[in-house]
>>> print(open('query-v3.cif').read())   # mmCIF, C-alpha atoms (C1' of nucleotides)
data_coords
#
loop_
_atom_site.label_atom_id
_atom_site.label_comp_id
_atom_site.auth_asym_id
_atom_site.auth_seq_id
_atom_site.Cartn_x
_atom_site.Cartn_y
_atom_site.Cartn_z
CA MET A 18 73.62 115.92 86.89
CA ILE A 19 74.69 116.56 90.45
CA VAL A 20 74.87 114.30 93.42
CA LYS A 21 71.42 113.24 94.55
CA TYR A 22 70.50 111.44 97.75
CA ASN A 23 67.63 108.97 97.95
CA LEU A 24 66.59 107.85 101.41
CA ILE A 25 65.53 104.22 101.35
CA LYS A 26 64.69 103.72 104.99
CA THR A 27 65.36 104.89 108.50
CA GLU A 28 65.87 102.07 110.94
CA LYS A 29 63.06 101.44 113.43
CA ASN A 30 65.05 101.65 116.63
CA THR A 31 67.53 104.38 115.78
CA LYS A 32 68.12 107.24 113.42
CA ALA A 33 70.35 105.01 111.28
CA ARG A 34 69.60 105.52 107.60
CA LEU A 35 69.94 103.44 104.50
CA GLY A 36 70.24 105.38 101.28
CA LYS A 37 71.60 105.65 97.79
CA ILE A 38 73.60 108.44 96.22
CA GLU A 39 73.28 109.02 92.52
CA THR A 40 76.45 110.57 91.20
CA ASN A 41 78.11 111.37 87.89
CA TYR A 42 79.94 108.07 88.33
CA GLY A 43 77.16 105.70 89.28
CA THR A 44 74.99 104.95 92.26
CA PHE A 45 76.42 104.17 95.68
CA ASP A 46 74.96 102.91 98.94
CA THR A 47 75.11 104.72 102.26
CA PRO A 48 76.26 104.66 105.01
CA MET A 49 79.61 105.01 103.29
CA PHE A 50 83.22 105.47 104.26
CA MET A 51 85.36 107.69 102.00
CA PRO A 52 89.11 107.17 101.79
CA VAL A 53 91.16 110.35 101.86
CA GLY A 54 93.38 111.29 98.94
CA THR A 55 94.54 114.72 100.03
CA ARG A 56 96.95 115.54 97.25
CA GLY A 57 95.17 113.75 94.47
CA THR A 58 96.08 110.26 95.63
CA VAL A 59 95.05 107.96 98.42
CA LYS A 60 98.54 107.79 99.83
CA SER A 61 100.57 104.90 98.41
CA LEU A 62 97.63 103.33 96.52
CA ASN A 63 96.73 103.50 92.86
CA PRO A 64 93.08 103.98 91.81
CA GLU A 65 92.64 100.30 90.97
CA GLU A 66 93.65 99.35 94.50
CA VAL A 67 91.31 101.94 95.98
CA LYS A 68 88.47 100.62 93.87
CA ALA A 69 89.29 97.06 94.86
CA CYS A 70 88.45 98.12 98.42
CA HIS A 71 84.93 98.78 97.05
CA SER A 72 85.34 102.50 97.47
CA GLY A 73 82.70 105.00 96.44
CA ILE A 74 83.55 108.65 96.91
CA VAL A 75 87.18 109.62 97.45
CA LEU A 76 88.24 112.85 99.13
CA ALA A 77 90.78 115.35 97.83
CA ASN A 78 91.94 118.62 99.28
CA THR A 79 91.50 122.07 97.79
CA TYR A 80 94.28 123.73 99.74
CA HIS A 81 96.92 121.21 98.72
CA LEU A 82 95.93 121.04 95.08
CA TRP A 83 95.73 124.84 94.96
CA LEU A 84 99.37 125.12 96.06
CA ARG A 85 100.60 122.22 93.98
CA PRO A 86 100.11 121.73 91.11
CA GLY A 87 97.51 124.55 91.04
CA GLU A 88 93.91 124.32 89.89
CA ASP A 89 94.76 125.62 86.41
CA ILE A 90 97.09 122.72 85.77
CA VAL A 91 94.48 120.23 86.97
CA ASP A 92 91.98 121.98 84.71
CA LEU A 93 94.40 121.81 81.80
CA CYS A 94 94.78 118.07 82.44
CA GLY A 95 91.04 117.61 82.07
CA GLY A 96 89.91 117.94 85.68
CA LEU A 97 90.68 115.98 88.80
CA HIS A 98 89.15 112.67 87.69
CA LYS A 99 91.24 112.49 84.57
CA PHE A 100 94.27 113.94 86.32
CA MET A 101 94.36 111.27 89.04
CA ASN A 102 92.73 108.61 86.88
CA TYR A 103 89.89 107.97 89.33
CA ASP A 104 86.61 107.32 87.55
CA GLY A 105 84.56 107.45 90.72
CA PRO A 106 83.03 110.38 92.56
CA ILE A 107 85.39 112.85 94.24
CA LEU A 108 84.63 115.21 97.10
CA THR A 109 86.93 118.17 97.67
CA ASP A 110 87.42 119.60 101.12
CA SER A 111 87.33 123.39 101.02
CA GLY A 112 90.54 124.12 102.86
CA GLY A 113 88.52 124.95 105.95
CA TYR A 114 90.35 122.38 107.98
CA GLN A 115 93.65 123.92 106.94
CA VAL A 116 92.42 127.17 108.44
CA PHE A 117 92.42 125.30 111.68
CA SER A 118 95.78 123.62 111.18
CA LEU A 119 97.66 126.43 109.41
CA ALA A 120 96.43 129.75 110.84
CA LYS A 121 98.89 130.56 113.57
CA ASN A 122 96.59 132.83 115.57
CA LYS A 123 93.15 134.37 115.56
CA LYS A 124 94.42 137.50 113.85
CA ASP A 125 94.98 135.48 110.69
CA ILE A 126 91.24 134.85 110.42
CA THR A 127 89.42 137.92 109.12
CA GLU A 128 86.01 138.58 107.66
CA GLU A 129 87.50 138.47 104.20
CA GLY A 130 89.15 135.08 104.62
CA VAL A 131 92.21 133.45 106.11
CA ASN A 132 95.77 134.71 105.88
CA PHE A 133 98.57 132.25 106.23
CA LYS A 134 101.96 131.37 104.90
CA SER A 135 102.45 128.60 102.41
CA HIS A 136 104.01 125.57 104.08
CA ILE A 137 106.07 125.10 100.93
CA ASP A 138 107.78 128.43 100.32
CA GLY A 139 106.52 130.70 103.08
CA LYS A 140 104.67 132.90 100.62
CA LYS A 141 101.79 134.89 102.10
CA LEU A 142 98.44 133.50 100.98
CA LEU A 143 94.84 134.56 101.35
CA LEU A 144 92.15 131.92 101.04
CA THR A 145 88.61 133.29 100.85
CA PRO A 146 85.24 131.58 100.51
CA GLU A 147 85.04 132.75 96.89
CA LYS A 148 88.55 131.57 96.08
CA SER A 149 87.93 128.14 97.62
CA ILE A 150 84.79 127.61 95.55
CA GLU A 151 86.44 128.89 92.38
CA ILE A 152 89.30 126.46 92.87
CA GLN A 153 86.90 123.59 93.51
CA ASN A 154 84.88 124.52 90.40
CA LYS A 155 88.03 124.23 88.35
CA LEU A 156 89.17 121.01 90.00
CA ASP A 157 85.78 119.70 88.84
CA SER A 158 85.09 117.45 91.80
CA ASP A 159 81.60 116.01 92.19
CA ILE A 160 81.01 117.51 95.60
CA ALA A 161 82.47 120.83 96.74
CA MET A 162 82.47 121.89 100.36
CA SER A 163 81.73 125.37 101.65
CA PHE A 164 84.69 127.22 103.09
CA ASP A 165 84.26 127.19 106.86
CA GLU A 166 86.18 127.88 110.00
CA CYS A 167 86.98 124.75 111.93
CA PRO A 168 87.80 125.98 115.44
CA PRO A 169 89.79 123.95 117.97
CA ALA A 170 88.01 121.97 120.67
CA SER A 171 89.28 124.48 123.20
CA ALA A 172 87.25 127.35 121.64
CA THR A 173 84.84 129.08 124.01
CA HIS A 174 81.11 129.48 123.47
CA GLU A 175 81.68 133.19 122.84
CA TYR A 176 84.35 132.51 120.22
CA LEU A 177 82.26 129.81 118.58
CA GLU A 178 79.23 132.06 118.35
CA ASN A 179 81.15 134.56 116.23
CA SER A 180 82.82 131.79 114.30
CA VAL A 181 79.48 130.13 113.47
CA LYS A 182 78.08 133.41 112.18
CA ARG A 183 81.16 134.07 110.10
CA THR A 184 81.00 130.56 108.65
CA LEU A 185 77.37 131.25 107.64
CA ARG A 186 78.41 134.46 105.88
CA TRP A 187 81.23 132.59 104.19
CA ALA A 188 78.81 129.85 103.07
CA GLU A 189 76.57 132.46 101.50
CA ARG A 190 79.48 134.11 99.69
CA GLY A 191 80.71 130.77 98.38
CA LYS A 192 77.29 129.75 97.17
CA LYS A 193 76.98 132.98 95.18
CA VAL A 194 80.10 132.30 93.11
CA HIS A 195 79.55 128.55 92.70
CA ASN A 196 78.96 127.84 89.03
CA ASN A 197 79.82 124.28 88.08
CA PRO A 198 76.64 122.51 86.95
CA ARG A 199 78.24 119.08 87.36
CA GLN A 200 79.21 119.79 90.95
CA ALA A 201 77.15 119.64 94.15
CA LEU A 202 77.84 122.11 96.96
CA PHE A 203 77.52 121.16 100.63
CA GLY A 204 77.06 123.41 103.65
CA ILE A 205 78.80 122.84 106.97
CA VAL A 206 77.27 122.99 110.43
CA GLN A 207 79.56 124.25 113.18
CA GLY A 208 79.05 125.20 116.82
CA GLY A 209 81.24 122.88 118.90
CA PRO A 210 79.47 120.86 121.58
CA TYR A 211 76.83 123.54 122.25
CA GLU A 212 73.18 122.81 121.56
CA ASP A 213 72.12 126.40 120.88
CA LEU A 214 74.97 127.01 118.43
CA ARG A 215 74.55 123.75 116.54
CA LYS A 216 70.82 124.36 116.25
CA TYR A 217 71.34 127.90 115.02
CA SER A 218 74.09 126.88 112.62
CA ALA A 219 72.06 123.97 111.22
CA ILE A 220 68.86 125.94 110.75
CA GLU A 221 70.60 128.87 109.09
CA THR A 222 72.73 126.66 106.87
CA VAL A 223 69.73 124.63 105.73
CA LYS A 224 67.92 127.86 104.81
CA MET A 225 70.55 128.36 102.12
CA ASN A 226 69.43 125.12 100.49
CA PHE A 227 72.64 123.24 99.88
CA ASP A 228 72.84 119.90 98.08
CA GLY A 229 73.95 118.20 101.27
CA TYR A 230 75.09 119.01 104.80
CA SER A 231 78.05 118.15 106.88
CA ILE A 232 78.80 118.32 110.54
CA GLY A 233 82.19 119.89 111.02
CA GLY A 234 84.48 120.86 113.83
CA VAL A 235 84.55 117.40 115.34
CA ALA A 236 87.42 115.04 116.08
CA ASN A 237 89.91 117.87 116.45
CA ASP A 238 92.59 118.52 118.91
CA GLY A 239 91.80 115.87 121.47
CA GLU A 240 88.09 116.63 121.56
CA SER A 241 86.24 114.11 123.71
CA LYS A 242 84.00 111.55 122.09
CA GLU A 243 81.13 112.81 124.20
CA ASP A 244 81.47 116.27 122.63
CA MET A 245 81.61 114.73 119.18
CA TYR A 246 78.41 112.79 119.80
CA LYS A 247 76.75 115.90 121.22
CA ALA A 248 77.71 117.85 118.10
CA ILE A 249 75.94 115.24 115.99
CA ASP A 250 72.90 114.95 118.26
CA TYR A 251 72.43 118.72 118.33
CA SER A 252 72.79 119.12 114.55
CA VAL A 253 70.93 116.21 112.97
CA PRO A 254 67.36 117.14 114.05
CA TYR A 255 67.57 120.29 111.93
CA LEU A 256 68.91 118.66 108.78
CA PRO A 257 66.46 117.67 106.03
CA GLU A 258 65.65 113.99 105.59
CA ASP A 259 66.19 114.06 101.85
CA LYS A 260 69.76 115.35 101.88
CA LEU A 261 73.04 113.62 102.52
CA ARG A 262 74.65 114.04 105.95
CA TYR A 263 78.39 113.98 106.19
CA LEU A 264 80.42 113.80 109.41
CA MET A 265 83.77 115.32 108.54
CA GLY A 266 87.03 113.68 109.50
CA VAL A 267 85.57 110.67 111.31
CA GLY A 268 86.77 108.17 112.14
CA GLU A 269 87.45 105.20 114.22
CA PRO A 270 85.13 102.20 113.89
CA VAL A 271 83.32 103.13 117.10
CA ASP A 272 82.74 106.69 115.85
CA ILE A 273 81.31 105.47 112.56
CA LEU A 274 78.89 103.26 114.48
CA GLU A 275 77.92 106.11 116.81
CA GLY A 276 77.55 108.45 113.84
CA VAL A 277 75.31 106.08 111.89
CA GLU A 278 73.14 105.51 114.94
CA ARG A 279 72.67 109.27 115.13
CA GLY A 280 71.69 109.64 111.49
CA VAL A 281 74.96 110.27 109.62
CA ASP A 282 75.37 108.89 106.07
CA ILE A 283 78.97 109.41 105.03
CA PHE A 284 82.34 109.63 106.73
CA ASP A 285 85.94 110.29 105.78
CA CYS A 286 89.09 109.80 107.76
CA VAL A 287 92.85 109.75 107.31
CA LEU A 288 93.24 107.17 110.05
CA PRO A 289 93.24 103.97 107.96
CA THR A 290 96.10 105.19 105.77
CA ARG A 291 98.00 107.08 108.44
CA ILE A 292 98.07 104.32 111.02
CA ALA A 293 98.93 101.89 108.22
CA ARG A 294 102.10 103.83 107.43
CA HIS A 295 102.96 103.61 111.11
CA GLY A 296 102.43 99.87 111.15
CA GLN A 297 98.98 99.50 112.63
CA ALA A 298 95.93 97.63 111.41
CA PHE A 299 92.25 97.51 112.28
CA THR A 300 90.93 94.06 113.13
CA ARG A 301 87.68 92.71 114.52
CA ASP A 302 89.55 92.24 117.78
CA GLY A 303 90.79 95.80 118.00
CA LYS A 304 93.68 97.69 116.55
CA ILE A 305 96.95 95.80 116.34
CA ASN A 306 100.50 97.14 115.99
CA LEU A 307 102.59 95.15 113.53
CA ASN A 308 105.70 96.66 115.08
CA ASN A 309 105.11 94.42 118.08
CA ALA A 310 107.67 91.65 118.47
CA LYS A 311 104.96 89.02 118.88
CA TYR A 312 104.15 89.18 115.15
CA LYS A 313 107.67 88.18 114.06
CA THR A 314 106.67 84.59 113.41
CA ASP A 315 102.92 85.03 113.01
CA LEU A 316 101.92 83.23 109.81
CA ASP A 317 98.29 84.33 109.88
CA PRO A 318 96.98 87.15 107.68
CA ILE A 319 95.99 90.41 109.40
CA GLU A 320 92.45 88.98 109.49
CA LYS A 321 91.55 85.45 108.49
CA ASP A 322 88.10 86.25 107.12
CA CYS A 323 89.03 89.51 105.38
CA ASP A 324 88.64 89.56 101.60
CA CYS A 325 91.24 92.26 100.88
CA TYR A 326 94.32 91.80 98.71
CA CYS A 327 96.58 92.11 101.73
CA CYS A 328 94.85 89.44 103.79
CA LYS A 329 94.46 87.04 100.88
CA ASN A 330 98.17 87.07 100.06
CA TYR A 331 100.41 88.05 102.97
CA THR A 332 101.27 87.00 106.51
CA ARG A 333 101.60 89.17 109.57
CA ALA A 334 105.23 88.06 109.80
CA TYR A 335 105.99 89.39 106.32
CA ILE A 336 104.16 92.68 106.87
CA ARG A 337 105.87 93.10 110.23
CA HIS A 338 109.20 92.60 108.44
CA LEU A 339 108.34 95.20 105.78
CA ILE A 340 107.26 97.73 108.40
CA SER A 341 110.26 97.01 110.56
CA VAL A 342 112.80 97.60 107.78
CA GLY A 343 110.90 100.60 106.43
CA GLU A 344 109.79 99.14 103.11
CA THR A 345 106.87 101.10 101.67
CA LEU A 346 105.01 97.96 100.63
CA GLY A 347 104.20 97.34 104.30
CA GLY A 348 102.27 100.59 104.63
CA ARG A 349 100.66 100.00 101.26
CA LEU A 350 99.35 96.57 102.20
CA LEU A 351 98.08 97.81 105.55
CA SER A 352 96.42 100.81 103.88
CA ILE A 353 94.54 98.46 101.58
CA HIS A 354 93.45 96.37 104.55
CA ASN A 355 92.45 99.30 106.76
CA ILE A 356 90.41 100.99 104.05
CA ARG A 357 88.71 97.74 103.17
CA PHE A 358 88.08 97.15 106.88
CA LEU A 359 86.15 100.40 107.29
CA ILE A 360 84.28 99.95 104.03
CA ARG A 361 83.37 96.42 105.05
CA LEU A 362 82.15 97.83 108.34
CA THR A 363 79.77 100.13 106.45
CA GLU A 364 78.62 97.22 104.28
CA GLU A 365 77.71 95.24 107.38
CA ILE A 366 76.05 98.28 108.92
CA ARG A 367 73.85 98.56 105.82
CA GLU A 368 72.83 94.92 106.10
CA ALA A 369 71.99 95.44 109.76
CA ILE A 370 69.89 98.53 109.10
CA GLU A 371 68.04 96.64 106.42
CA LYS A 372 67.14 94.01 109.00
CA ASP A 373 66.37 96.63 111.69
CA SER A 374 69.12 95.09 113.79
CA PHE A 375 71.63 97.90 113.86
CA LEU A 376 71.91 98.07 117.65
CA GLU A 377 72.53 94.33 117.90
CA TYR A 378 75.17 94.58 115.23
CA LYS A 379 76.81 97.54 116.94
CA LYS A 380 76.89 95.81 120.31
CA GLU A 381 78.30 92.63 118.82
CA PHE A 382 80.96 94.52 116.93
CA LEU A 383 82.03 96.67 119.85
CA ASP A 384 81.99 93.82 122.38
CA ARG A 385 84.54 92.03 120.26
CA TYR A 386 86.50 95.10 119.09
CA GLU A 387 86.95 96.59 122.54
CA LYS A 388 87.53 93.31 124.36
CA ARG A 389 91.14 92.83 123.33
"C1'" G B 7 159.68 89.52 120.17
"C1'" C B 8 159.74 94.96 121.19
"C1'" G B 9 157.11 99.57 121.19
"C1'" U B 10 152.58 102.09 121.03
"C1'" C B 11 147.38 103.14 121.23
"C1'" A B 12 142.94 101.26 122.48
"C1'" U B 13 139.11 98.12 125.27
"C1'" U B 14 132.20 101.83 128.00
"C1'" G B 15 124.83 98.66 126.58
"C1'" G B 16 122.44 94.91 121.02
"C1'" U B 17 125.41 98.70 117.82
"C1'" G B 18 128.19 103.53 116.96
"C1'" A B 19 130.08 106.08 120.57
"C1'" A B 20 130.59 110.82 124.60
"C1'" G B 21 132.32 111.44 129.49
"C1'" U B 22 133.88 112.22 134.82
"C1'" G B 23 138.10 110.70 141.06
"C1'" G B 24 132.19 111.46 144.34
"C1'" U B 25 124.10 112.23 143.54
"C1'" U B 26 120.15 108.80 138.62
"C1'" A B 27 127.10 107.13 132.70
"C1'" A B 28 125.43 112.16 127.42
"C1'" C B 29 123.75 111.45 122.58
"C1'" A B 30 122.34 108.50 118.30
"C1'" C B 31 120.70 103.96 116.14
"C1'" G B 32 118.41 99.57 117.47
"C1'" C B 33 115.03 97.26 120.60
"C1'" U B 34 110.22 97.38 123.67
"C1'" A B 35 105.47 99.55 124.14
"C1'" G B 36 101.98 103.51 123.30
"C1'" U B 37 99.75 107.64 120.32
"C1'" U B 38 97.55 109.17 115.52
"C1'" U B 39 89.97 111.28 113.55
"C1'" G B 40 87.78 117.26 106.94
"C1'" U B 41 96.81 114.30 106.52
"C1'" G B 42 101.82 121.06 105.61
"C1'" G B 43 105.84 118.24 107.95
"C1'" C B 44 105.25 111.35 107.91
"C1'" A B 45 105.94 111.54 112.68
"C1'" C B 46 105.28 111.93 118.05
"C1'" U B 47 105.60 110.05 123.40
"C1'" A B 48 107.67 106.82 126.91
"C1'" G B 49 110.93 102.79 128.43
"C1'" U B 50 115.55 100.48 127.55
"C1'" A B 51 123.93 99.69 130.77
"C1'" U B 52 122.90 98.11 139.26
"C1'" G B 53 127.49 98.95 134.96
"C1'" C B 54 132.43 101.27 131.80
"C1'" G B 55 137.92 94.07 129.13
"C1'" U B 56 139.93 90.73 133.64
"C1'" G B 57 142.56 90.76 138.29
"C1'" A B 58 145.02 93.45 142.01
"C1'" G B 59 146.49 98.18 144.15
"C1'" U B 60 146.18 103.73 145.54
"C1'" U B 61 141.97 106.46 147.80
"C1'" C B 62 137.01 108.04 152.54
"C1'" G B 63 135.38 106.87 147.39
"C1'" A B 64 137.49 104.55 140.79
"C1'" U B 65 134.43 103.48 134.92
"C1'" U B 66 137.98 107.62 135.53
"C1'" C B 67 144.82 107.07 138.71
"C1'" U B 68 148.83 102.77 139.10
"C1'" C B 69 150.49 97.70 137.97
"C1'" A B 70 149.80 92.91 135.76
"C1'" C B 71 147.17 89.95 132.40
"C1'" A B 72 143.81 89.22 128.11
"C1'" U B 73 142.08 90.83 123.42
"C1'" G B 74 142.45 94.06 119.16
"C1'" G B 75 144.67 98.07 115.80
"C1'" C B 76 149.19 100.27 114.17
"C1'" G B 77 154.63 100.58 113.82
"C1'" C B 78 159.52 98.22 114.07
"C1'" C B 79 162.84 93.91 113.95
#
>>> encode(input="query-v3.cif", output="C-alpha cells")
Amino acid sequence: MIVKYNLIKTEKNTKARLGKIETNYGTFDTPMFMPVGTRGTVKSLNPEEVKACHSGIVLANTYHLWLRPGEDIVDLCGGLHKFMNYDGPILTDSGGYQVFSLAKNKKDITEEGVNFKSHIDGKKLLLTPEKSIEIQNKLDSDIAMSFDECPPASATHEYLENSVKRTLRWAERGKKVHNNPRQALFGIVQGGPYEDLRKYSAIETVKMNFDGYSIGGVANDGESKEDMYKAIDYSVPYLPEDKLRYLMGVGEPVDILEGVERGVDIFDCVLPTRIARHGQAFTRDGKINLNNAKYKTDLDPIEKDCDCYCCKNYTRAYIRHLISVGETLGGRLLSIHNIRFLIRLTEEIREAIEKDSFLEYKKEFLDRYEKR
RNA sequence: GCGUCAUUGGUGAAGUGGUUAACACGCUAGUUUGUGGCACUAGUAUGCGUGAGUUCGAUUCUCACAUGGCGCC
C-alpha cells in the first residue's frame, strides 16, 4: 500500500480542503503540519513526545542520512521507522533543498546532478536524481520526494526557466529508478513567483503522474510573502483534486493559513523546533521570546489553554530560567509546545473548514496573533 | 609598622597625555520558513578608587589618602 489521498470536501468560500491520507501507518486528517526530523530525530524529542503532539507524518532528510549513518546502515537496521523507532508515516526530503544551501555556485549544478563537498569531511560528492531516489528507497520512508533544484529567491526568470526544465528532467529520471512498492513518490513544482513558469512546471509535472505534488522553492532566502502566495496561486489550479498538495518548508502560522486558503494540504517547517532552541514560543497572541526579562517571575504556562506537556506542567519563569542558563530541557519543552501549537492550529482549521467558516477562523486567529 | 605592586562597566580585563575607552562574558532587545554549522544582528562605562597638583588638555604624569595582594620585621 502507498499513501493515498481522499478529498472529503472543499470549503465553499475558499479553496481550503479537508481530506484524509491513508498511509502504511494509519489514516490521518489534512490539513496537516509535519514536524521536521532531519537526521532521523525531531531535534531533542523522542518519538513518544512527537506523537503526544498528535503528529502524523514526520520529515527526515535524505542528504543527511546519506552522509551519516548511510542508507545501507539504516537498511541493515530494518529501515528508517525501525531505526528511529517512529511507527508513523515518514516523508523524506530528496536533498533538493541542500542543493540550494550547499552548492557554492551555479557551476556545481550540472545536468547530471549536483557536485558539492561534504560538510563533514570535505569529500567531493555527487548527488543525482537517481541516487536520491535509490537512497530514499533504501531508507524505506512512506513518501519520497523527487530530486529538484530549489533556486534562491533572487533567481531571474531566465535562470528559473532553465532550472524548471532541468527539474522536470530530473523528476523523470528519478521516477524511472523508483522501485519501492511501499513508498509513494511526489513531484515538485518550481518556477519562483512567475505565473508562466509555475503553470508550465505544474502541468508538466502532473503529466508524469506522481502520487502527490508539492510546491517548492518558497520561503527561501528572504523571499517576500507575496511571492510565496503567488507561487501557490499560480501552481494549485494545475494540480489534480485527488492528490495531496504539499507546500515545502512552510511555515509560520500566517503562512499555513494562507496556504490552506489557497488549497494546500500539508506543510513542514523547522521553525517550531529551531525557534524553541533559541528560546521563543508561538502563542495565540503572537510569538514570545522567553529570553525577555519580563518572564523572570511569570508563573503562567506558555499558554493557559494549551494541552501540551509543557503548558500543563511548567511555568514561563522556569522555562526562561532553563533557556537563560542553557539547559537543553528548555528547548525541549518549547519544541513540544511549538509543534503542538502548529498541529493544534491545523486541527482548528479542519473544524473551521468543516463548518465552512475558514475565513472567519483565519481572521479571528490573525487579529489576535498579530495584535500583540 | 616598613617596603612593594595594584585599583578601569554587572564580571574578566586591554589601553592611551588630546576626536566616539579595545575585546570577551553577562545583560537588553530583535532575527530564524523542504535545519551542514545551532547560531546571527543590534544596543549596553558622559567614565578609568578618593582628593589635590602639573599641563592648553589627564583615565594616562606627581603627591596624599583609602582599599586589596605580596614580602619583611
>>> resolve_selection(input="query-v3.cif", expression="the PyMOL selection byres ((chain B) within 9 of (chain A))", output="PyMOL selection string")
chain B and resi 34-35+38-45
>>> write_last_selection(input="query-v3.cif", atoms="C-alpha atoms (C1' of nucleotides)", output="compact mmCIF listing (two decimals), keeping the file's coordinate frame")
# COMPACT_ATOMS: atom_id res chain seq x y z
C1' U B 34 110.22 97.38 123.67
C1' A B 35 105.47 99.55 124.14
C1' U B 38 97.55 109.17 115.52
C1' U B 39 89.97 111.28 113.55
C1' G B 40 87.78 117.26 106.94
C1' U B 41 96.81 114.30 106.52
C1' G B 42 101.82 121.06 105.61
C1' G B 43 105.84 118.24 107.95
C1' C B 44 105.25 111.35 107.91
C1' A B 45 105.94 111.54 112.68
>>> residues_around(input="query-v3.cif", residues="segment 9-15 of chain B", least_positions_apart="4", cutoff="8 Å", atoms="all atoms listed in the file", output="ChimeraX atom specification")
/B:51,54-55,65,74-78
>>> closest_residue(input="query-v3.cif", among="A:Phe100, A:Val281, A:Gln207, A:Ala170", to="Ser241 of chain A", atoms="only C-alpha atoms")
A:Ala170
>>> resolve_selection(input="query-v3.cif", expression="the PyMOL selection byres ((chain A and resi 215) around 12)", output="VMD selection string")
chain A and resid 174 177 to 178 180 to 182 185 205 to 214 216 to 223 231 to 235 244 to 245 247 to 256
>>> write_last_selection(input="query-v3.cif", atoms="C-alpha atoms", output="mmCIF file, in the frame of the given file")
data_model
loop_
_atom_site.group_PDB
_atom_site.id
_atom_site.type_symbol
_atom_site.label_atom_id
_atom_site.label_comp_id
_atom_site.auth_asym_id
_atom_site.auth_seq_id
_atom_site.Cartn_x
_atom_site.Cartn_y
_atom_site.Cartn_z
ATOM 1 C CA HIS A 174 81.110 129.480 123.470
ATOM 2 C CA LEU A 177 82.260 129.810 118.580
ATOM 3 C CA GLU A 178 79.230 132.060 118.350
ATOM 4 C CA SER A 180 82.820 131.790 114.300
ATOM 5 C CA VAL A 181 79.480 130.130 113.470
ATOM 6 C CA LYS A 182 78.080 133.410 112.180
ATOM 7 C CA LEU A 185 77.370 131.250 107.640
ATOM 8 C CA ILE A 205 78.800 122.840 106.970
ATOM 9 C CA VAL A 206 77.270 122.990 110.430
ATOM 10 C CA GLN A 207 79.560 124.250 113.180
ATOM 11 C CA GLY A 208 79.050 125.200 116.820
ATOM 12 C CA GLY A 209 81.240 122.880 118.900
ATOM 13 C CA PRO A 210 79.470 120.860 121.580
ATOM 14 C CA TYR A 211 76.830 123.540 122.250
ATOM 15 C CA GLU A 212 73.180 122.810 121.560
ATOM 16 C CA ASP A 213 72.120 126.400 120.880
ATOM 17 C CA LEU A 214 74.970 127.010 118.430
ATOM 18 C CA LYS A 216 70.820 124.360 116.250
ATOM 19 C CA TYR A 217 71.340 127.900 115.020
ATOM 20 C CA SER A 218 74.090 126.880 112.620
ATOM 21 C CA ALA A 219 72.060 123.970 111.220
ATOM 22 C CA ILE A 220 68.860 125.940 110.750
ATOM 23 C CA GLU A 221 70.600 128.870 109.090
ATOM 24 C CA THR A 222 72.730 126.660 106.870
ATOM 25 C CA VAL A 223 69.730 124.630 105.730
ATOM 26 C CA SER A 231 78.050 118.150 106.880
ATOM 27 C CA ILE A 232 78.800 118.320 110.540
ATOM 28 C CA GLY A 233 82.190 119.890 111.020
ATOM 29 C CA GLY A 234 84.480 120.860 113.830
ATOM 30 C CA VAL A 235 84.550 117.400 115.340
ATOM 31 C CA ASP A 244 81.470 116.270 122.630
ATOM 32 C CA MET A 245 81.610 114.730 119.180
ATOM 33 C CA LYS A 247 76.750 115.900 121.220
ATOM 34 C CA ALA A 248 77.710 117.850 118.100
ATOM 35 C CA ILE A 249 75.940 115.240 115.990
ATOM 36 C CA ASP A 250 72.900 114.950 118.260
ATOM 37 C CA TYR A 251 72.430 118.720 118.330
ATOM 38 C CA SER A 252 72.790 119.120 114.550
ATOM 39 C CA VAL A 253 70.930 116.210 112.970
ATOM 40 C CA PRO A 254 67.360 117.140 114.050
ATOM 41 C CA TYR A 255 67.570 120.290 111.930
ATOM 42 C CA LEU A 256 68.910 118.660 108.780
#
>>> residues_near_point(input="query-v3.cif", point="(87.5, 92.7, 94.0)", cutoff="12 Å", atoms="only C-alpha atoms (C1' of nucleotides)", output="list in words")
Glu65, Glu66, Val67, Lys68, Ala69, Cys70, His71, Ser72, Cys323, Asp324, Cys325, Tyr326, Cys327, Lys329, Ile353 and Arg357 of chain A
>>> write_last_selection(input="query-v3.cif", atoms="C-alpha atoms", output="mmCIF file, keeping the file's coordinate frame")
data_model
loop_
_atom_site.group_PDB
_atom_site.id
_atom_site.type_symbol
_atom_site.label_atom_id
_atom_site.label_comp_id
_atom_site.auth_asym_id
_atom_site.auth_seq_id
_atom_site.Cartn_x
_atom_site.Cartn_y
_atom_site.Cartn_z
ATOM 1 C CA GLU A 65 92.640 100.300 90.970
ATOM 2 C CA GLU A 66 93.650 99.350 94.500
ATOM 3 C CA VAL A 67 91.310 101.940 95.980
ATOM 4 C CA LYS A 68 88.470 100.620 93.870
ATOM 5 C CA ALA A 69 89.290 97.060 94.860
ATOM 6 C CA CYS A 70 88.450 98.120 98.420
ATOM 7 C CA HIS A 71 84.930 98.780 97.050
ATOM 8 C CA SER A 72 85.340 102.500 97.470
ATOM 9 C CA CYS A 323 89.030 89.510 105.380
ATOM 10 C CA ASP A 324 88.640 89.560 101.600
ATOM 11 C CA CYS A 325 91.240 92.260 100.880
ATOM 12 C CA TYR A 326 94.320 91.800 98.710
ATOM 13 C CA CYS A 327 96.580 92.110 101.730
ATOM 14 C CA LYS A 329 94.460 87.040 100.880
ATOM 15 C CA ILE A 353 94.540 98.460 101.580
ATOM 16 C CA ARG A 357 88.710 97.740 103.170
#
>>> atom_distance(input="query-v3.cif", atom1="atom CA of Thr363 of chain A", atom2="atom CA of Phe50 of chain A")
6.7 Å
>>> atom_distance(input="query-v3.cif", atom1="atom CA of Lys99 of chain A", atom2="atom CA of Lys155 of chain A")
12.7 Å
